[in-house]
file final-v9.pdb (PDB, N, CA and C atoms)
MODEL        1
ATOM      1  N   MET A   1      86.635 129.464  82.755
ATOM      2  CA  MET A   1      87.359 128.461  83.495
ATOM      3  C   MET A   1      88.573 129.097  84.162
ATOM      4  N   GLN A   2      88.783 128.768  85.415
ATOM      5  CA  GLN A   2      89.886 129.355  86.169
ATOM      6  C   GLN A   2      91.213 128.680  85.789
ATOM      7  N   LYS A   3      92.226 129.489  85.624
ATOM      8  CA  LYS A   3      93.555 128.971  85.288
ATOM      9  C   LYS A   3      94.142 128.227  86.481
ATOM     10  N   ARG A   4      94.917 127.185  86.183
ATOM     11  CA  ARG A   4      95.641 126.462  87.232
ATOM     12  C   ARG A   4      96.713 127.375  87.811
ATOM     13  N   LYS A   5      97.041 127.151  89.059
ATOM     14  CA  LYS A   5      98.060 127.947  89.730
ATOM     15  C   LYS A   5      99.373 127.168  89.778
ATOM     16  N   LEU A   6     100.431 127.828  89.345
ATOM     17  CA  LEU A   6     101.765 127.232  89.281
ATOM     18  C   LEU A   6     102.723 128.052  90.135
ATOM     19  N   LEU A   7     103.412 127.365  91.039
ATOM     20  CA  LEU A   7     104.484 127.999  91.805
ATOM     21  C   LEU A   7     105.798 127.397  91.345
ATOM     22  N   ILE A   8     106.728 128.261  90.955
ATOM     23  CA  ILE A   8     108.063 127.842  90.544
ATOM     24  C   ILE A   8     109.028 128.246  91.652
ATOM     25  N   ALA A   9     109.637 127.255  92.277
ATOM     26  CA  ALA A   9     110.627 127.500  93.325
ATOM     27  C   ALA A   9     111.967 127.028  92.778
ATOM     28  N   GLU A  10     112.747 127.969  92.290
ATOM     29  CA  GLU A  10     113.986 127.683  91.568
ATOM     30  C   GLU A  10     115.075 128.640  92.024
ATOM     31  N   GLU A  11     116.237 128.091  92.400
ATOM     32  CA  GLU A  11     117.345 128.906  92.906
ATOM     33  C   GLU A  11     117.823 129.950  91.901
ATOM     34  N   SER A  12     117.840 129.611  90.643
ATOM     35  CA  SER A  12     118.283 130.546  89.618
ATOM     36  C   SER A  12     117.156 131.525  89.293
ATOM     37  N   GLY A  13     117.369 132.786  89.630
ATOM     38  CA  GLY A  13     116.363 133.803  89.350
ATOM     39  C   GLY A  13     116.066 133.934  87.865
ATOM     40  N   GLU A  14     117.092 133.825  87.041
ATOM     41  CA  GLU A  14     116.896 133.923  85.594
ATOM     42  C   GLU A  14     116.052 132.775  85.070
ATOM     43  N   MET A  15     116.339 131.561  85.547
ATOM     44  CA  MET A  15     115.577 130.389  85.117
ATOM     45  C   MET A  15     114.134 130.486  85.612
ATOM     46  N   ALA A  16     113.946 130.890  86.856
ATOM     47  CA  ALA A  16     112.599 131.014  87.410
ATOM     48  C   ALA A  16     111.777 132.029  86.624
ATOM     49  N   ALA A  17     112.377 133.175  86.306
ATOM     50  CA  ALA A  17     111.669 134.211  85.543
ATOM     51  C   ALA A  17     111.344 133.734  84.133
ATOM     52  N   ALA A  18     112.269 133.022  83.503
ATOM     53  CA  ALA A  18     112.026 132.510  82.148
ATOM     54  C   ALA A  18     110.900 131.480  82.150
ATOM     55  N   LEU A  19     110.900 130.592  83.126
ATOM     56  CA  LEU A  19     109.826 129.599  83.220
ATOM     57  C   LEU A  19     108.483 130.265  83.506
ATOM     58  N   ALA A  20     108.496 131.253  84.386
ATOM     59  CA  ALA A  20     107.254 131.972  84.698
ATOM     60  C   ALA A  20     106.696 132.629  83.442
ATOM     61  N   GLU A  21     107.551 133.236  82.656
ATOM     62  CA  GLU A  21     107.106 133.883  81.415
ATOM     63  C   GLU A  21     106.539 132.854  80.438
ATOM     64  N   LEU A  22     107.163 131.711  80.374
ATOM     65  CA  LEU A  22     106.722 130.645  79.477
ATOM     66  C   LEU A  22     105.302 130.174  79.806
ATOM     67  N   PHE A  23     104.987 130.057  81.087
ATOM     68  CA  PHE A  23     103.696 129.526  81.517
ATOM     69  C   PHE A  23     102.646 130.599  81.808
ATOM     70  N   ARG A  24     103.034 131.855  81.801
ATOM     71  CA  ARG A  24     102.146 132.943  82.214
ATOM     72  C   ARG A  24     100.816 132.974  81.451
ATOM     73  N   GLY A  25     100.807 132.656  80.182
ATOM     74  CA  GLY A  25      99.571 132.698  79.405
ATOM     75  C   GLY A  25      98.580 131.611  79.751
ATOM     76  N   SER A  26      99.071 130.472  80.223
ATOM     77  CA  SER A  26      98.177 129.351  80.479
ATOM     78  C   SER A  26      97.927 129.086  81.956
ATOM     79  N   CYS A  27      98.685 129.725  82.838
ATOM     80  CA  CYS A  27      98.553 129.504  84.285
ATOM     81  C   CYS A  27      98.670 130.823  85.035
ATOM     82  N   GLN A  28      98.162 130.820  86.264
ATOM     83  CA  GLN A  28      98.509 131.890  87.202
ATOM     84  C   GLN A  28      99.873 131.472  87.758
ATOM     85  N   VAL A  29     100.860 132.320  87.622
ATOM     86  CA  VAL A  29     102.223 131.918  87.976
ATOM     87  C   VAL A  29     102.819 132.856  89.023
ATOM     88  N   ARG A  30     103.503 132.235  89.974
ATOM     89  CA  ARG A  30     104.361 132.957  90.914
ATOM     90  C   ARG A  30     105.678 132.207  90.963
ATOM     91  N   PHE A  31     106.746 132.938  91.271
ATOM     92  CA  PHE A  31     108.030 132.259  91.421
ATOM     93  C   PHE A  31     108.818 132.857  92.564
ATOM     94  N   CYS A  32     109.740 132.058  93.071
ATOM     95  CA  CYS A  32     110.625 132.495  94.147
ATOM     96  C   CYS A  32     111.947 131.766  93.989
ATOM     97  N   ILE A  33     112.976 132.273  94.673
ATOM     98  CA  ILE A  33     114.321 131.725  94.480
ATOM     99  C   ILE A  33     114.933 131.135  95.754
ATOM    100  N   ASP A  34     114.166 131.038  96.829
ATOM    101  CA  ASP A  34     114.682 130.377  98.028
ATOM    102  C   ASP A  34     113.554 129.659  98.767
ATOM    103  N   GLY A  35     113.945 128.733  99.602
ATOM    104  CA  GLY A  35     112.980 127.895 100.304
ATOM    105  C   GLY A  35     112.099 128.622 101.295
ATOM    106  N   ASP A  36     112.627 129.634 101.951
ATOM    107  CA  ASP A  36     111.818 130.379 102.917
ATOM    108  C   ASP A  36     110.662 131.097 102.220
ATOM    109  N   GLU A  37     110.949 131.732 101.091
ATOM    110  CA  GLU A  37     109.896 132.405 100.332
ATOM    111  C   GLU A  37     108.946 131.379  99.718
ATOM    112  N   ALA A  38     109.473 130.241  99.286
ATOM    113  CA  ALA A  38     108.618 129.188  98.719
ATOM    114  C   ALA A  38     107.602 128.705  99.758
ATOM    115  N   ARG A  39     108.043 128.563 100.990
ATOM    116  CA  ARG A  39     107.124 128.134 102.055
ATOM    117  C   ARG A  39     106.004 129.154 102.243
ATOM    118  N   LYS A  40     106.353 130.434 102.238
ATOM    119  CA  LYS A  40     105.338 131.488 102.369
ATOM    120  C   LYS A  40     104.365 131.453 101.186
ATOM    121  N   GLN A  41     104.918 131.297  99.968
ATOM    122  CA  GLN A  41     104.073 131.276  98.772
ATOM    123  C   GLN A  41     103.161 130.053  98.744
ATOM    124  N   LEU A  42     103.655 128.911  99.205
ATOM    125  CA  LEU A  42     102.808 127.720  99.271
ATOM    126  C   LEU A  42     101.600 127.969 100.167
ATOM    127  N   ALA A  43     101.847 128.568 101.309
ATOM    128  CA  ALA A  43     100.763 128.820 102.260
ATOM    129  C   ALA A  43      99.760 129.843 101.741
ATOM    130  N   LEU A  44     100.228 130.874 101.052
ATOM    131  CA  LEU A  44      99.347 131.940 100.573
ATOM    132  C   LEU A  44      98.689 131.641  99.228
ATOM    133  N   PHE A  45      99.450 131.105  98.305
ATOM    134  CA  PHE A  45      99.018 130.935  96.923
ATOM    135  C   PHE A  45      98.285 129.614  96.694
ATOM    136  N   ARG A  46      98.658 128.582  97.447
ATOM    137  CA  ARG A  46      98.057 127.247  97.331
ATOM    138  C   ARG A  46      98.037 126.763  95.879
ATOM    139  N   PRO A  47      99.211 126.515  95.301
ATOM    140  CA  PRO A  47      99.277 126.155  93.877
ATOM    141  C   PRO A  47      98.706 124.768  93.597
ATOM    142  N   ASP A  48      98.289 124.586  92.352
ATOM    143  CA  ASP A  48      97.876 123.268  91.869
ATOM    144  C   ASP A  48      99.096 122.454  91.456
ATOM    145  N   VAL A  49     100.135 123.174  90.992
ATOM    146  CA  VAL A  49     101.359 122.544  90.512
ATOM    147  C   VAL A  49     102.553 123.284  91.118
ATOM    148  N   LEU A  50     103.530 122.505  91.565
ATOM    149  CA  LEU A  50     104.766 123.059  92.117
ATOM    150  C   LEU A  50     105.935 122.537  91.300
ATOM    151  N   LEU A  51     106.689 123.444  90.713
ATOM    152  CA  LEU A  51     107.941 123.106  90.037
ATOM    153  C   LEU A  51     109.042 123.437  91.038
ATOM    154  N   LEU A  52     109.673 122.409  91.587
ATOM    155  CA  LEU A  52     110.509 122.557  92.770
ATOM    156  C   LEU A  52     111.960 122.149  92.549
ATOM    157  N   ASP A  53     112.859 123.084  92.773
ATOM    158  CA  ASP A  53     114.295 122.807  92.817
ATOM    159  C   ASP A  53     114.577 122.205  94.198
ATOM    160  N   LEU A  54     115.055 120.979  94.244
ATOM    161  CA  LEU A  54     115.271 120.319  95.534
ATOM    162  C   LEU A  54     116.426 120.916  96.327
ATOM    163  N   MET A  55     117.296 121.670  95.672
ATOM    164  CA  MET A  55     118.460 122.225  96.348
ATOM    165  C   MET A  55     118.325 123.729  96.576
ATOM    166  N   LEU A  56     117.167 124.163  97.012
ATOM    167  CA  LEU A  56     116.946 125.582  97.288
ATOM    168  C   LEU A  56     117.770 126.041  98.482
ATOM    169  N   PRO A  57     118.228 127.276  98.477
ATOM    170  CA  PRO A  57     118.891 127.820  99.667
ATOM    171  C   PRO A  57     117.848 128.085 100.753
ATOM    172  N   GLY A  58     118.296 128.086 101.969
ATOM    173  CA  GLY A  58     117.382 128.323 103.094
ATOM    174  C   GLY A  58     116.678 127.027 103.461
ATOM    175  N   TYR A  59     115.422 126.960 103.159
ATOM    176  CA  TYR A  59     114.598 125.778 103.430
ATOM    177  C   TYR A  59     114.688 124.888 102.198
ATOM    178  N   ASP A  60     115.394 123.748 102.282
ATOM    179  CA  ASP A  60     115.633 122.935 101.081
ATOM    180  C   ASP A  60     114.335 122.317 100.556
ATOM    181  N   GLY A  61     114.381 121.898  99.302
ATOM    182  CA  GLY A  61     113.189 121.412  98.617
ATOM    183  C   GLY A  61     112.547 120.197  99.263
ATOM    184  N   LEU A  62     113.349 119.238  99.732
ATOM    185  CA  LEU A  62     112.780 118.053 100.368
ATOM    186  C   LEU A  62     112.068 118.409 101.667
ATOM    187  N   SER A  63     112.665 119.274 102.461
ATOM    188  CA  SER A  63     112.026 119.712 103.707
ATOM    189  C   SER A  63     110.764 120.506 103.407
ATOM    190  N   LEU A  64     110.826 121.329 102.382
ATOM    191  CA  LEU A  64     109.665 122.119 101.979
ATOM    192  C   LEU A  64     108.512 121.211 101.565
ATOM    193  N   LEU A  65     108.812 120.199 100.804
ATOM    194  CA  LEU A  65     107.793 119.271 100.354
ATOM    195  C   LEU A  65     107.188 118.503 101.521
ATOM    196  N   GLN A  66     108.020 118.068 102.438
ATOM    197  CA  GLN A  66     107.524 117.368 103.624
ATOM    198  C   GLN A  66     106.610 118.292 104.436
ATOM    199  N   TRP A  67     107.007 119.539 104.621
ATOM    200  CA  TRP A  67     106.188 120.506 105.351
ATOM    201  C   TRP A  67     104.834 120.696 104.663
ATOM    202  N   ALA A  68     104.851 120.840 103.334
ATOM    203  CA  ALA A  68     103.605 121.045 102.585
ATOM    204  C   ALA A  68     102.663 119.860 102.763
ATOM    205  N   ARG A  69     103.195 118.658 102.712
ATOM    206  CA  ARG A  69     102.363 117.463 102.895
ATOM    207  C   ARG A  69     101.801 117.410 104.311
ATOM    208  N   GLU A  70     102.612 117.786 105.299
ATOM    209  CA  GLU A  70     102.134 117.814 106.689
ATOM    210  C   GLU A  70     101.000 118.819 106.877
ATOM    211  N   GLN A  71     100.997 119.873 106.052
ATOM    212  CA  GLN A  71      99.940 120.888 106.106
ATOM    213  C   GLN A  71      98.697 120.455 105.329
ATOM    214  N   GLY A  72      98.755 119.282 104.719
ATOM    215  CA  GLY A  72      97.626 118.766 103.962
ATOM    216  C   GLY A  72      97.529 119.296 102.541
ATOM    217  N   MET A  73      98.585 119.918 102.056
ATOM    218  CA  MET A  73      98.564 120.461 100.702
ATOM    219  C   MET A  73      98.677 119.334  99.685
ATOM    220  N   GLN A  74      97.793 119.365  98.731
ATOM    221  CA  GLN A  74      97.783 118.381  97.654
ATOM    222  C   GLN A  74      98.029 119.120  96.353
ATOM    223  N   MET A  75      99.112 118.808  95.693
ATOM    224  CA  MET A  75      99.446 119.446  94.430
ATOM    225  C   MET A  75     100.303 118.485  93.625
ATOM    226  N   GLN A  76     100.356 118.706  92.343
ATOM    227  CA  GLN A  76     101.272 117.951  91.511
ATOM    228  C   GLN A  76     102.650 118.579  91.676
ATOM    229  N   VAL A  77     103.669 117.744  91.742
ATOM    230  CA  VAL A  77     105.035 118.247  91.966
ATOM    231  C   VAL A  77     105.966 117.687  90.904
ATOM    232  N   LEU A  78     106.710 118.598  90.304
ATOM    233  CA  LEU A  78     107.792 118.240  89.399
ATOM    234  C   LEU A  78     109.061 118.773  90.042
ATOM    235  N   ALA A  79     110.002 117.884  90.324
ATOM    236  CA  ALA A  79     111.221 118.286  91.025
ATOM    237  C   ALA A  79     112.426 118.268  90.096
ATOM    238  N   THR A  80     113.334 119.209  90.331
ATOM    239  CA  THR A  80     114.607 119.271  89.621
ATOM    240  C   THR A  80     115.721 119.336  90.649
ATOM    241  N   THR A  81     116.894 118.857  90.259
ATOM    242  CA  THR A  81     118.046 118.946  91.155
ATOM    243  C   THR A  81     119.335 118.748  90.363
ATOM    244  N   ARG A  82     120.379 119.319  90.871
ATOM    245  CA  ARG A  82     121.708 119.091  90.290
ATOM    246  C   ARG A  82     122.439 117.987  91.035
ATOM    247  N   PHE A  83     121.905 117.599  92.178
ATOM    248  CA  PHE A  83     122.507 116.558  93.000
ATOM    249  C   PHE A  83     121.495 115.437  93.171
ATOM    250  N   CYS A  84     121.873 114.249  92.825
ATOM    251  CA  CYS A  84     120.946 113.126  92.935
ATOM    252  C   CYS A  84     121.634 111.969  93.651
ATOM    253  N   SER A  85     120.920 111.377  94.580
ATOM    254  CA  SER A  85     121.401 110.190  95.281
ATOM    255  C   SER A  85     120.193 109.297  95.529
ATOM    256  N   ASP A  86     120.442 108.088  95.994
ATOM    257  CA  ASP A  86     119.333 107.191  96.315
ATOM    258  C   ASP A  86     118.430 107.811  97.373
ATOM    259  N   TYR A  87     119.034 108.473  98.368
ATOM    260  CA  TYR A  87     118.248 109.122  99.413
ATOM    261  C   TYR A  87     117.318 110.187  98.832
ATOM    262  N   VAL A  88     117.841 111.027  97.948
ATOM    263  CA  VAL A  88     117.031 112.093  97.344
ATOM    264  C   VAL A  88     115.881 111.486  96.553
ATOM    265  N   VAL A  89     116.162 110.493  95.752
ATOM    266  CA  VAL A  89     115.128 109.856  94.934
ATOM    267  C   VAL A  89     114.069 109.213  95.819
ATOM    268  N   GLU A  90     114.481 108.442  96.806
ATOM    269  CA  GLU A  90     113.528 107.759  97.686
ATOM    270  C   GLU A  90     112.680 108.749  98.481
ATOM    271  N   THR A  91     113.310 109.789  98.998
ATOM    272  CA  THR A  91     112.572 110.770  99.781
ATOM    273  C   THR A  91     111.587 111.521  98.909
ATOM    274  N   ALA A  92     112.009 111.935  97.731
ATOM    275  CA  ALA A  92     111.108 112.634  96.812
ATOM    276  C   ALA A  92     109.938 111.741  96.426
ATOM    277  N   GLN A  93     110.204 110.484  96.116
ATOM    278  CA  GLN A  93     109.130 109.569  95.743
ATOM    279  C   GLN A  93     108.156 109.351  96.900
ATOM    280  N   SER A  94     108.683 109.286  98.120
ATOM    281  CA  SER A  94     107.794 109.098  99.269
ATOM    282  C   SER A  94     106.881 110.291  99.506
ATOM    283  N   GLN A  95     107.263 111.460  98.949
ATOM    284  CA  GLN A  95     106.450 112.667  99.082
ATOM    285  C   GLN A  95     105.589 112.907  97.838
ATOM    286  N   GLY A  96     105.543 111.942  96.940
ATOM    287  CA  GLY A  96     104.652 112.030  95.794
ATOM    288  C   GLY A  96     105.217 112.715  94.559
ATOM    289  N   VAL A  97     106.528 112.871  94.511
ATOM    290  CA  VAL A  97     107.144 113.497  93.337
ATOM    291  C   VAL A  97     107.232 112.466  92.227
TER     292      VAL A  97
ENDMDL
END
call {"tool": "encode", "arguments": {"input": "final-v9.pdb", "output": "structure tokens"}}
result
Amino acid sequence: MQKRKLLIAEESGEMAAALAELFRGSCQVRFCIDGDEARKQLALFRPDVLLLDLMLPGYDGLSLLQWAREQGMQMQVLATTRFCSDYVVETAQSQGV
């Protein structure tokens, strides 16, 4: 059985590496620390699951998610953020988070 693919897009390199190590045995894992690299990885890796920091530098998480949906990408998304507002919650929910 093929392992699920997990992309971790997290601004903190230490946190991203720790999460990748945690899931490495049960998933194919890639991680990145900015939105521009996350966009490239989404297009190349096509993950089943995206663990997404909404406040990524470069291409922010909400814009990244909108772009992925426009490209027809279907994946489960778990989002994290240090900043939360009604706009962030509503926008994330509208993108299937």
call {"tool": "closest_residue", "arguments": {"input": "final-v9.pdb", "among": "A:Leu62, A:Ser12, A:Arg4, A:Ala43", "to": "Gln28 of chain A", "atoms": "only N, CA and C atoms"}}
result
A:Arg4
call {"tool": "closest_atom_pairs", "arguments": {"input": "final-v9.pdb", "of": "segment 13-36 of chain A", "to": "segment 64-76 of chain A", "cutoff": "12 Å", "atoms": "only C-alpha atoms", "output": "Markdown table"}}
result
| residue | atom | partner | partner_atom | distance |
| --- | --- | --- | --- | --- |
| A:Asp34 | CA | A:Leu64 | CA | 10.4 |
| A:Gly35 | CA | A:Leu64 | CA | 6.9 |
| A:Asp36 | CA | A:Leu64 | CA | 8.6 |
call {"tool": "atom_distance", "arguments": {"input": "final-v9.pdb", "atom1": "atom C of Phe31 of chain A", "atom2": "atom CA of Ala9 of chain A"}}
result
5.7 Å
call {"tool": "axis_aligned_box", "arguments": {"input": "final-v9.pdb", "around": "segment 41-57 of chain A", "padding_each_side": "5 Å", "output": "AutoDock Vina command-line options"}}
result
--center_x 108.4 --center_y 126.1 --center_z 96.1 --size_x 31.0 --size_y 21.6 --size_z 22.2
call {"tool": "atom_distance", "arguments": {"input": "final-v9.pdb", "atom1": "atom CA of Phe45 of chain A", "atom2": "atom CA of Arg82 of chain A"}}
result
26.4 Å
call {"tool": "resolve_selection", "arguments": {"input": "final-v9.pdb", "expression": "the PyMOL selection byres ((chain A and resi 78) around 6)", "output": "list in words"}}
result
Leu50, Leu51, Leu52, Gln76, Val77, Ala79, Thr80 and Val97 of chain A
call {"tool": "closest_residue", "arguments": {"input": "final-v9.pdb", "among": "A:Leu44, A:Cys27, A:Ala18, A:Ile33", "to": "Gln2 of chain A", "atoms": "only N, CA and C atoms"}}
result
A:Cys27
call {"tool": "atom_distance", "arguments": {"input": "final-v9.pdb", "atom1": "atom C of Pro57 of chain A", "atom2": "atom CA of Glu21 of chain A"}}
result
22.9 Å
call {"tool": "select_by_dssp", "arguments": {"input": "final-v9.pdb", "residues": "chain A", "states": "strand (DSSP E)", "output": "JSON, numbers by chain"}}
result
{"A": [4, 5, 6, 7, 8, 9, 27, 28, 29, 30, 31, 32, 49, 50, 51, 52, 53, 76, 77, 78, 79, 80]}
call {"tool": "select_by_dssp", "arguments": {"input": "final-v9.pdb", "residues": "chain A", "states": "helix (DSSP H, G or I)", "output": "ChimeraX atom specification"}}
result
/A:13-23,35-45,61-70,86-94
call {"tool": "closest_residue", "arguments": {"input": "final-v9.pdb", "among": "A:Leu42, A:Ile8, A:Val49, A:Met15", "to": "Arg30 of chain A", "atoms": "only N, CA and C atoms"}}
result
A:Ile8
call {"tool": "residues_around", "arguments": {"input": "final-v9.pdb", "residues": "Met55 of chain A", "least_positions_apart": "3", "cutoff": "6 Å", "atoms": "all atoms listed in the file", "output": "MDAnalysis selection string"}}
result
chainID A and resid 60:61 80:81
call {"tool": "closest_residue", "arguments": {"input": "final-v9.pdb", "among": "A:Glu90, A:Leu56, A:Lys5, A:Ser63", "to": "Val29 of chain A", "atoms": "all atoms listed in the file"}}
result
A:Lys5
call {"tool": "closest_residue", "arguments": {"input": "final-v9.pdb", "among": "A:Leu54, A:Leu7, A:Ala17, A:Gly25", "to": "Gln41 of chain A", "atoms": "only N, CA and C atoms"}}
result
A:Leu7
